[in-house]
$ cat model.tsv   # TSV, C-alpha atoms
chain	number	residue	atom	x	y	z
A	286	MET	CA	0.00	0.00	0.00
A	287	PRO	CA	1.25	3.51	-0.65
A	288	ASP	CA	2.73	5.40	2.24
A	289	GLU	CA	0.21	8.18	2.83
A	290	GLU	CA	2.30	9.94	5.41
A	291	GLY	CA	5.30	9.93	3.10
A	292	ALA	CA	3.32	11.41	0.24
A	293	ARG	CA	1.98	14.17	2.45
A	294	ARG	CA	5.40	14.97	3.84
A	295	ALA	CA	6.79	15.12	0.33
A	296	GLU	CA	4.19	17.61	-0.75
A	297	GLY	CA	4.46	19.77	2.37
A	298	ALA	CA	6.76	22.60	3.32
A	299	GLY	CA	9.52	21.92	0.79
A	300	ALA	CA	12.96	20.50	1.36
A	301	PRO	CA	13.72	19.45	4.94
A	302	GLY	CA	16.94	20.59	6.65
A	303	ASP	CA	19.87	19.99	4.33
A	304	PRO	CA	22.10	17.25	5.77
A	305	ASP	CA	25.01	18.98	4.01
A	306	ALA	CA	24.62	22.29	5.85
A	307	GLU	CA	27.66	21.76	8.05
A	308	LEU	CA	29.95	20.54	5.25
A	309	LEU	CA	28.80	23.45	3.13
A	310	GLU	CA	29.81	25.89	5.85
A	311	ARG	CA	33.27	24.31	6.03
A	312	LEU	CA	33.55	24.30	2.25
A	313	ARG	CA	32.92	28.05	2.20
A	314	ALA	CA	35.85	28.39	4.58
A	315	GLY	CA	38.02	26.47	2.09
A	316	ASP	CA	38.15	23.15	3.97
A	317	GLU	CA	39.46	20.48	1.56
A	318	ASP	CA	38.21	17.58	3.67
A	319	ALA	CA	34.70	18.99	3.44
A	320	PHE	CA	35.05	19.13	-0.33
A	321	ARG	CA	36.29	15.54	-0.44
A	322	ALA	CA	33.38	14.42	1.74
A	323	LEU	CA	30.84	16.16	-0.51
A	324	VAL	CA	32.42	14.68	-3.64
A	325	GLU	CA	32.30	11.25	-2.08
A	326	GLU	CA	28.68	11.71	-1.03
A	327	HIS	CA	27.28	13.22	-4.23
A	328	GLY	CA	29.75	12.18	-6.93
A	329	PRO	CA	28.13	8.77	-7.54
A	330	PHE	CA	24.59	10.05	-8.13
A	331	LEU	CA	25.90	12.87	-10.35
A	332	MET	CA	27.83	10.33	-12.40
A	333	ARG	CA	24.75	8.13	-12.75
A	334	LEU	CA	22.60	11.06	-13.77
A	335	VAL	CA	25.09	12.45	-16.30
A	336	MET	CA	25.90	9.05	-17.77
A	337	MET	CA	22.27	8.77	-18.81
A	338	HIS	CA	22.88	11.74	-21.12
A	339	VAL	CA	26.36	11.38	-22.55
A	340	PRO	CA	27.89	8.54	-24.55
A	341	SER	CA	30.91	7.67	-22.43
A	342	ARG	CA	32.21	7.50	-18.91
A	343	ALA	CA	35.11	9.82	-19.80
A	344	ILE	CA	32.71	12.54	-20.95
A	345	ALA	CA	30.56	11.98	-17.87
A	346	GLU	CA	33.58	12.50	-15.62
A	347	GLU	CA	34.34	15.75	-17.42
A	348	VAL	CA	30.78	16.97	-17.01
A	349	VAL	CA	30.72	16.01	-13.33
A	350	GLY	CA	34.05	17.79	-12.84
A	351	ASP	CA	32.67	20.91	-14.54
A	352	THR	CA	29.63	20.66	-12.28
A	353	TRP	CA	31.73	20.81	-9.13
A	354	LEU	CA	33.73	23.73	-10.48
A	355	ALA	CA	30.55	25.61	-11.35
A	356	ALA	CA	29.25	24.85	-7.86
A	357	LEU	CA	32.42	26.22	-6.26
A	358	GLU	CA	32.26	29.33	-8.42
A	359	GLY	CA	28.60	29.83	-7.59
A	360	LEU	CA	28.85	28.99	-3.91
A	361	ASP	CA	28.27	32.59	-2.84
A	362	ARG	CA	25.02	32.68	-4.78
A	363	PHE	CA	23.75	29.38	-3.40
A	364	GLU	CA	21.37	30.44	-0.66
A	365	GLY	CA	20.26	27.08	0.58
A	366	ARG	CA	16.70	27.48	-0.59
A	367	SER	CA	17.03	24.02	-2.05
A	368	MET	CA	19.21	21.23	-0.79
A	369	LEU	CA	22.77	21.18	-2.05
A	370	ARG	CA	22.24	17.98	-4.02
A	371	THR	CA	19.15	19.43	-5.75
A	372	TRP	CA	21.23	22.39	-6.86
A	373	LEU	CA	24.08	20.12	-7.99
A	374	ALA	CA	21.63	18.02	-10.00
A	375	SER	CA	20.27	21.03	-11.87
A	376	ILE	CA	23.77	22.30	-12.68
A	377	ALA	CA	24.85	18.84	-13.85
A	378	LEU	CA	21.76	18.37	-15.99
A	379	ASN	CA	22.18	21.72	-17.72
A	380	LYS	CA	25.71	20.75	-18.62
A	381	ALA	CA	24.83	17.18	-19.53
A	382	ARG	CA	21.94	18.23	-21.79
A	383	THR	CA	24.17	20.65	-23.66
A	384	ARG	CA	26.90	18.09	-23.93
A	385	GLY	CA	24.46	15.34	-24.88
A	386	THR	CA	23.08	17.50	-27.69
A	387	ARG	CA	26.55	18.19	-28.97
A	388	GLU	CA	27.35	14.48	-28.88
A	389	GLY	CA	24.19	13.82	-30.85
A	390	ARG	CA	22.18	11.95	-28.27
A	391	ILE	CA	19.35	14.43	-27.97
A	392	LEU	CA	17.23	15.70	-30.83
A	393	PRO	CA	18.33	19.28	-31.46
A	394	PHE	CA	15.09	20.91	-32.58
A	395	ALA	CA	12.82	22.05	-29.81
A	396	LEU	CA	9.65	20.98	-31.56
A	397	LEU	CA	10.94	17.60	-32.50
A	398	ARG	CA	12.32	17.16	-29.05
A	399	ARG	CA	9.03	18.02	-27.43
A	400	ARG	CA	7.18	15.59	-29.61
A	401	TYR	CA	9.74	12.94	-28.77
A	402	GLU	CA	9.36	13.61	-25.07
A	403	GLU	CA	5.61	13.61	-25.07
A	404	GLY	CA	5.33	10.59	-27.31
A	405	GLY	CA	4.73	8.40	-24.33
A	406	GLY	CA	2.21	6.02	-25.79
A	407	PRO	CA	0.23	3.66	-23.58
A	408	ALA	CA	1.77	1.79	-20.65
A	409	ILE	CA	0.88	-1.45	-22.42
A	410	ASP	CA	0.12	-1.90	-26.12
A	411	ALA	CA	-3.59	-1.85	-26.85
A	412	ASP	CA	-3.43	-5.22	-28.61
A	413	ARG	CA	-2.76	-6.94	-25.31
A	414	PHE	CA	-6.31	-6.09	-24.21
A	415	GLN	CA	-9.60	-7.47	-25.48
A	416	GLY	CA	-11.22	-5.41	-28.19
A	417	ARG	CA	-14.78	-4.16	-28.22
A	418	ARG	CA	-16.07	-7.53	-29.33
A	419	GLY	CA	-14.19	-9.39	-26.65
A	420	GLU	CA	-15.89	-11.08	-23.76
A	421	ARG	CA	-14.70	-8.29	-21.47
A	422	PRO	CA	-13.54	-5.32	-23.54
A	423	GLY	CA	-10.50	-3.58	-22.09
A	424	TRP	CA	-9.56	-6.52	-19.88
A	425	TRP	CA	-6.36	-8.45	-20.49
A	426	ALA	CA	-6.20	-10.62	-23.61
A	427	SER	CA	-2.53	-11.35	-23.11
A	428	PRO	CA	-1.97	-10.90	-19.36
A	429	PRO	CA	1.43	-10.54	-17.72
A	430	VAL	CA	2.96	-13.82	-16.59
A	431	ALA	CA	4.91	-14.28	-13.38
A	432	TRP	CA	8.61	-13.58	-13.70
A	433	GLU	CA	10.93	-16.50	-13.12
A	434	ASP	CA	12.85	-16.46	-9.88
A	435	PRO	CA	12.84	-12.66	-9.76
A	436	GLN	CA	14.83	-12.24	-6.57
A	437	SER	CA	18.11	-13.67	-7.81
A	438	ARG	CA	17.71	-12.50	-11.38
A	439	LEU	CA	16.98	-8.93	-10.39
A	440	GLU	CA	20.39	-8.80	-8.78
A	441	ALA	CA	22.25	-10.21	-11.76
A	442	ASP	CA	24.46	-7.90	-13.81
A	443	GLU	CA	22.58	-8.79	-16.94
A	444	THR	CA	19.33	-7.54	-15.43
A	445	ARG	CA	21.02	-4.36	-14.30
A	446	ASP	CA	22.18	-3.78	-17.88
A	447	VAL	CA	18.62	-4.32	-19.13
A	448	LEU	CA	17.38	-1.69	-16.68
A	449	LEU	CA	20.06	0.83	-17.60
A	450	LYS	CA	19.54	0.32	-21.31
A	451	ALA	CA	15.78	0.71	-20.91
A	452	ILE	CA	16.36	4.02	-19.14
A	453	ARG	CA	18.83	5.26	-21.72
A	454	ASP	CA	16.27	4.52	-24.44
A	455	LEU	CA	13.70	6.82	-22.77
A	456	PRO	CA	13.12	10.43	-23.83
A	457	PRO	CA	15.39	12.75	-21.78
A	458	ARG	CA	12.86	14.06	-19.25
A	459	GLN	CA	11.55	10.58	-18.47
A	460	ARG	CA	15.12	9.42	-18.12
A	461	GLU	CA	15.92	12.17	-15.63
A	462	VAL	CA	12.80	11.64	-13.54
A	463	ILE	CA	13.17	7.87	-13.17
A	464	THR	CA	16.90	8.13	-12.49
A	465	LEU	CA	16.39	10.56	-9.62
A	466	ARG	CA	13.22	8.98	-8.25
A	467	ASP	CA	13.95	5.28	-8.49
A	468	ILE	CA	17.73	4.89	-8.77
A	469	SER	CA	18.72	7.74	-6.45
A	470	GLY	CA	15.57	7.41	-4.33
A	471	TRP	CA	14.60	11.10	-4.22
A	472	ASP	CA	11.05	12.08	-3.34
A	473	ALA	CA	8.67	13.67	-5.84
A	474	GLU	CA	9.06	17.18	-4.43
A	475	GLU	CA	12.83	17.24	-4.72
A	476	VAL	CA	12.75	15.89	-8.26
A	477	ARG	CA	10.22	18.58	-9.19
A	478	ASN	CA	12.59	21.21	-7.80
A	479	ALA	CA	15.67	19.86	-9.55
A	480	LEU	CA	13.91	19.49	-12.92
A	481	ASP	CA	11.46	22.39	-12.62
A	482	LEU	CA	8.38	20.28	-13.25
A	483	SER	CA	4.76	20.57	-12.16
A	484	GLU	CA	3.43	17.93	-9.80
A	485	THR	CA	1.34	16.31	-12.53
A	486	ASN	CA	4.09	16.46	-15.11
A	487	GLN	CA	6.54	14.77	-12.78
A	488	ARG	CA	4.08	11.95	-12.18
A	489	VAL	CA	3.19	11.50	-15.86
A	490	LEU	CA	6.86	11.32	-16.82
A	491	LEU	CA	7.51	8.85	-14.00
A	492	HIS	CA	4.56	6.74	-15.11
A	493	ARG	CA	5.68	6.52	-18.70
A	494	ALA	CA	9.24	5.79	-17.69
A	495	ARG	CA	8.33	3.07	-15.18
A	496	SER	CA	5.88	1.45	-17.59
A	497	LYS	CA	8.56	1.15	-20.25
A	498	VAL	CA	11.19	-0.11	-17.86
A	499	ARG	CA	8.76	-2.74	-16.56
A	500	ALA	CA	8.07	-3.78	-20.14
A	501	ALA	CA	11.81	-4.17	-20.76
A	502	LEU	CA	12.11	-6.33	-17.63
A	503	GLU	CA	9.11	-8.37	-18.76
A	504	GLU	CA	10.81	-9.05	-22.06
A	505	HIS	CA	13.96	-10.09	-20.21
A	506	LEU	CA	12.45	-12.14	-17.35
A	507	LYS	CA	9.43	-13.83	-18.85
A	508	PRO	CA	9.70	-17.59	-19.07
A	509	GLU	CA	10.57	-18.94	-22.51
A	510	PRO	CA	7.42	-20.30	-24.14
A	511	GLU	CA	7.94	-24.03	-24.62
A	512	GLY	CA	8.14	-25.23	-28.18
A	513	VAL	CA	6.84	-21.96	-29.57
A	514	ALA	CA	8.99	-20.12	-32.07
A	515	ARG	CA	8.97	-16.41	-31.37
B	227	MET	CA	-18.49	-5.56	-3.90
B	228	ASN	CA	-21.71	-5.26	-5.76
B	229	ARG	CA	-20.76	-2.77	-8.44
B	230	ARG	CA	-22.40	-2.77	-11.80
B	231	LYS	CA	-20.08	-3.93	-14.52
B	232	ASP	CA	-20.03	-0.57	-16.32
B	233	THR	CA	-18.50	1.19	-13.32
B	234	MET	CA	-15.64	-1.30	-13.18
B	235	LEU	CA	-12.29	-0.05	-14.38
B	236	THR	CA	-10.85	-2.08	-17.23
B	237	CYS	CA	-7.36	-3.59	-17.13
B	238	GLN	CA	-6.35	-1.14	-19.83
B	239	GLU	CA	-7.33	1.72	-17.53
B	240	MET	CA	-5.66	0.06	-14.56
B	241	VAL	CA	-2.21	0.01	-16.16
B	242	GLU	CA	-2.45	3.78	-16.71
B	243	LEU	CA	-3.52	4.42	-13.12
B	244	VAL	CA	-0.94	2.32	-11.34
B	245	THR	CA	1.52	5.19	-10.80
B	246	ASP	CA	-1.17	7.47	-9.38
B	247	TYR	CA	-1.99	4.62	-7.02
B	248	LEU	CA	1.60	3.94	-5.96
B	249	GLU	CA	2.22	7.69	-5.58
B	250	ASP	CA	-0.95	8.03	-3.52
B	251	ARG	CA	-2.39	10.61	-5.87
B	252	MET	CA	-5.92	9.28	-6.27
B	253	ASP	CA	-9.28	10.56	-5.15
B	254	ASP	CA	-11.26	8.24	-2.90
B	255	ASP	CA	-13.70	7.15	-5.58
B	256	THR	CA	-10.98	6.18	-8.03
B	257	ARG	CA	-9.08	4.41	-5.28
B	258	ALA	CA	-12.16	2.38	-4.37
B	259	ARG	CA	-12.68	1.42	-8.00
B	260	PHE	CA	-8.98	0.63	-8.43
B	261	GLU	CA	-8.96	-1.61	-5.37
B	262	ALA	CA	-12.22	-3.28	-6.40
B	263	HIS	CA	-10.62	-4.23	-9.69
B	264	VAL	CA	-7.53	-5.60	-7.94
B	265	THR	CA	-9.73	-7.83	-5.80
B	266	GLU	CA	-11.20	-9.35	-8.90
B	267	CYS	CA	-8.23	-9.49	-11.26
B	268	ASP	CA	-5.15	-11.64	-10.66
B	269	ALA	CA	-3.42	-10.34	-13.78
B	270	CYS	CA	-3.59	-6.72	-12.61
B	271	THR	CA	-2.47	-7.78	-9.12
B	272	LEU	CA	0.56	-9.34	-10.79
B	273	TYR	CA	1.08	-6.26	-12.94
B	274	ILE	CA	1.16	-3.97	-9.90
B	275	GLU	CA	3.48	-6.38	-8.14
B	276	GLN	CA	5.83	-6.32	-11.14
B	277	MET	CA	5.74	-2.55	-11.13
B	278	ARG	CA	6.83	-2.58	-7.48
B	279	MET	CA	9.55	-5.12	-8.28
B	280	THR	CA	10.79	-2.87	-11.07
B	281	ILE	CA	11.07	0.06	-8.64
B	282	VAL	CA	12.89	-2.12	-6.09
B	283	ALA	CA	15.29	-3.39	-8.77
B	284	LEU	CA	16.08	0.17	-9.86
B	285	GLY	CA	16.85	1.06	-6.25
B	286	HIS	CA	19.44	-1.73	-6.15
B	287	ILE	CA	21.52	-0.57	-9.08
B	288	PRO	CA	24.98	-0.11	-7.60
B	289	ALA	CA	26.52	3.33	-7.28
B	290	GLU	CA	28.63	4.83	-10.03
B	291	THR	CA	32.14	5.93	-9.22
B	292	ILE	CA	34.55	8.57	-10.40
B	293	SER	CA	38.00	7.35	-11.42
B	294	PRO	CA	40.92	8.24	-9.10
B	295	GLU	CA	42.40	10.31	-11.94
B	296	ALA	CA	39.26	12.40	-12.28
B	297	GLU	CA	39.08	12.79	-8.53
B	298	GLY	CA	42.69	13.94	-8.47
B	299	GLU	CA	41.96	16.58	-11.09
B	300	LEU	CA	38.96	17.70	-9.10
B	301	LEU	CA	41.04	18.20	-5.96
B	302	ALA	CA	43.64	20.14	-7.91
B	303	ALA	CA	40.86	22.34	-9.27
B	304	PHE	CA	39.53	22.80	-5.74
B	305	ARG	CA	42.93	24.02	-4.55
B	306	SER	CA	43.23	26.59	-7.30
B	307	TRP	CA	39.68	27.77	-6.61
B	308	ARG	CA	40.62	28.17	-2.95
B	309	ALA	CA	43.81	30.01	-3.84
B	310	SER	CA	42.01	32.40	-6.18
B	311	SER	CA	39.12	33.11	-3.82
B	312	ALA	CA	41.26	33.61	-0.72

$ encode --input "model.tsv" --output "structure tokens"
Amino acid sequence: MPDEEGARRAEGAGAPGDPDAELLERLRAGDEDAFRALVEEHGPFLMRLVMMHVPSRAIAEEVVGDTWLAALEGLDRFEGRSMLRTWLASIALNKARTRGTREGRILPFALLRRRYEEGGGPAIDADRFQGRRGERPGWWASPPVAWEDPQSRLEADETRDVLLKAIRDLPPRQREVITLRDISGWDAEEVRNALDLSETNQRVLLHRARSKVRAALEEHLKPEPEGVAR
Amino acid sequence: MNRRKDTMLTCQEMVELVTDYLEDRMDDDTRARFEAHVTECDACTLYIEQMRMTIVALGHIPAETISPEAEGELLAAFRSWRASSA
């Protein structure tokens, strides 16, 4: 069941106290250990986020490096109205989107890009449901089947690669939302702040992204049909 | 549950509502209809379960790392920032 309290908290008064407040104070005073600690804490999620946009690890490291430099340069202007990591994410994404466009991963024309982003399609193809003449129109014709031994397979490297590829194949906004929400575990409110999205928009993007990633897992985990050529 | 058939949500509608449900962004009427469907439909129960499993799996993707070389460059950059802003 959904966590009602959690959802209400997330929607409430904005970001809670930033756990990085103390490190940030030390960083402003030029403390290198504080910088190291922040890089250790936030480097991994920034890498993950940026790698969804650029074609190689080397480029991702460059972009993440540039992000930290921009953060240091802008430290005086950072007023703590959002959490540090939210701010870092928005800097990193601006850089990654620009870089991703240059590297040819993102469609360059605004109109085309918008169409690409909104082209969500249904969560499940319509032909998997009964048509109007079916016994129960709109109910499953080809229902999901249980995944084989999900626990161990979900931890396998191969499954991880399926998940990451499914995310990389998503339109950019969907990719960003699901990466922050489900890989980094941020709540809806913080993702909205980092990506500048409305509440509904965030949820729609998350829905499309999750539906497609589930479909990719289904393709990967479903039992092989016996004796049926696919 | 004694709902007339035409007020039942279809499976096709269910798969579009699952995120609103998991995010707890549903009005009471829709929630009641959603849960009524779940009671009756094993396939949608499985679908929702698979959606949850997908979210759990995503949460278990291991962290990315920065190479020691890149980290070294970053620290060097930090020192020159500190020197120039002192």

$ interface_residues --input "model.tsv" --of "chain A" --to "chain B" --cutoff "7 Å" --atoms "only C-alpha atoms" --output "PyMOL selection string"
chain A and resi 287+289+292+315+328-330+332-333+346+350+408+414+423-425+428-429+439+445+467-470+492+499

$ axis_aligned_box --input "model.tsv" --around "region 347-364 of chain A" --padding-each-side "8 Å" --output "JSON"
{"center_x": 27.9, "center_y": 24.2, "center_z": -9.0, "size_x": 29.0, "size_y": 32.9, "size_z": 32.8}

$ atom_distance --input "model.tsv" --atom1 "CA of Ile452 (chain A)" --atom2 "CA of Asp412 (chain A)"
23.8 Å

$ closest_residue --input "model.tsv" --among "A:Glu433, A:Ser367, A:Glu440, A:Gly302" --to "Val476 (chain A)" --atoms "only C-alpha atoms"
A:Ser367

$ atom_distance --input "model.tsv" --atom1 "CA of Ser341 (chain A)" --atom2 "CA of Ala322 (chain A)"
25.2 Å

$ atom_distance --input "model.tsv" --atom1 "CA of Lys497 (chain A)" --atom2 "CA of Ile409 (chain A)"
8.4 Å

$ closest_residue --input "model.tsv" --among "B:Ala262, B:Met252, B:Arg257, B:Thr233" --to "Arg488 (chain A)" --atoms "only C-alpha atoms"
B:Met252

$ decode --input "model.tsv" --residues "region 290-302 of chain B" --atoms "all heavy atoms" --output "short mmCIF file (atom, residue, chain, number, x, y, z; two decimals), in the first residue's frame"
data_model
loop_
_atom_site.label_atom_id
_atom_site.label_comp_id
_atom_site.auth_asym_id
_atom_site.auth_seq_id
_atom_site.Cartn_x
_atom_site.Cartn_y
_atom_site.Cartn_z
N GLU B 290 27.57 4.53 -9.07
CA GLU B 290 28.63 4.83 -10.03
C GLU B 290 29.83 5.40 -9.28
O GLU B 290 29.68 5.93 -8.19
CB GLU B 290 28.13 5.88 -11.03
CG GLU B 290 27.54 5.28 -12.28
CD GLU B 290 28.49 4.34 -13.00
OE1 GLU B 290 29.72 4.52 -12.88
OE2 GLU B 290 28.02 3.42 -13.66
N THR B 291 30.97 5.35 -9.88
CA THR B 291 32.14 5.93 -9.22
C THR B 291 32.90 6.83 -10.19
O THR B 291 32.78 6.70 -11.40
CB THR B 291 33.11 4.84 -8.72
OG1 THR B 291 33.35 3.95 -9.82
CG2 THR B 291 32.53 4.08 -7.56
N ILE B 292 33.66 7.72 -9.60
CA ILE B 292 34.55 8.57 -10.40
C ILE B 292 35.93 7.94 -10.33
O ILE B 292 36.34 7.45 -9.28
CB ILE B 292 34.61 9.99 -9.82
CG1 ILE B 292 33.20 10.59 -9.78
CG2 ILE B 292 35.53 10.88 -10.62
CD1 ILE B 292 33.16 11.99 -9.21
N SER B 293 36.66 7.94 -11.42
CA SER B 293 38.00 7.35 -11.42
C SER B 293 38.93 8.16 -10.52
O SER B 293 38.72 9.36 -10.33
CB SER B 293 38.55 7.30 -12.84
OG SER B 293 38.81 8.62 -13.29
N PRO B 294 39.95 7.52 -9.95
CA PRO B 294 40.92 8.24 -9.10
C PRO B 294 41.56 9.41 -9.85
O PRO B 294 41.80 10.47 -9.26
CB PRO B 294 41.96 7.17 -8.77
CG PRO B 294 41.27 5.87 -8.97
CD PRO B 294 40.24 6.09 -10.03
N GLU B 295 41.79 9.23 -11.15
CA GLU B 295 42.40 10.31 -11.94
C GLU B 295 41.49 11.54 -11.95
O GLU B 295 41.92 12.67 -11.70
CB GLU B 295 42.64 9.88 -13.40
CG GLU B 295 43.67 8.76 -13.57
CD GLU B 295 43.08 7.39 -13.24
OE1 GLU B 295 41.87 7.19 -13.51
OE2 GLU B 295 43.80 6.54 -12.69
N ALA B 296 40.22 11.30 -12.23
CA ALA B 296 39.26 12.40 -12.28
C ALA B 296 39.14 13.06 -10.91
O ALA B 296 39.01 14.28 -10.80
CB ALA B 296 37.91 11.91 -12.78
N GLU B 297 39.18 12.24 -9.87
CA GLU B 297 39.08 12.79 -8.53
C GLU B 297 40.30 13.65 -8.21
O GLU B 297 40.18 14.72 -7.59
CB GLU B 297 38.92 11.67 -7.51
CG GLU B 297 38.29 12.17 -6.22
CD GLU B 297 38.05 11.05 -5.21
OE1 GLU B 297 37.80 9.91 -5.65
OE2 GLU B 297 38.12 11.33 -4.01
N GLY B 298 41.46 13.18 -8.66
CA GLY B 298 42.69 13.94 -8.47
C GLY B 298 42.61 15.31 -9.14
O GLY B 298 42.97 16.34 -8.54
N GLU B 299 42.10 15.32 -10.36
CA GLU B 299 41.96 16.58 -11.09
C GLU B 299 41.01 17.53 -10.36
O GLU B 299 41.22 18.74 -10.31
CB GLU B 299 41.42 16.32 -12.50
CG GLU B 299 42.47 15.81 -13.47
CD GLU B 299 41.87 15.42 -14.81
OE1 GLU B 299 40.83 16.02 -15.20
OE2 GLU B 299 42.41 14.51 -15.45
N LEU B 300 39.97 16.91 -9.81
CA LEU B 300 38.96 17.70 -9.10
C LEU B 300 39.58 18.38 -7.86
O LEU B 300 39.32 19.56 -7.59
CB LEU B 300 37.83 16.75 -8.69
CG LEU B 300 36.45 17.33 -8.47
CD1 LEU B 300 36.06 18.25 -9.61
CD2 LEU B 300 35.45 16.18 -8.38
N LEU B 301 40.41 17.63 -7.15
CA LEU B 301 41.04 18.20 -5.96
C LEU B 301 42.02 19.31 -6.33
O LEU B 301 42.10 20.33 -5.65
CB LEU B 301 41.73 17.11 -5.14
CG LEU B 301 40.77 16.16 -4.42
CD1 LEU B 301 41.53 15.02 -3.75
CD2 LEU B 301 39.91 16.90 -3.39
N ALA B 302 42.72 19.10 -7.44
CA ALA B 302 43.64 20.14 -7.91
C ALA B 302 42.84 21.41 -8.26
O ALA B 302 43.24 22.53 -7.91
CB ALA B 302 44.41 19.65 -9.13
#
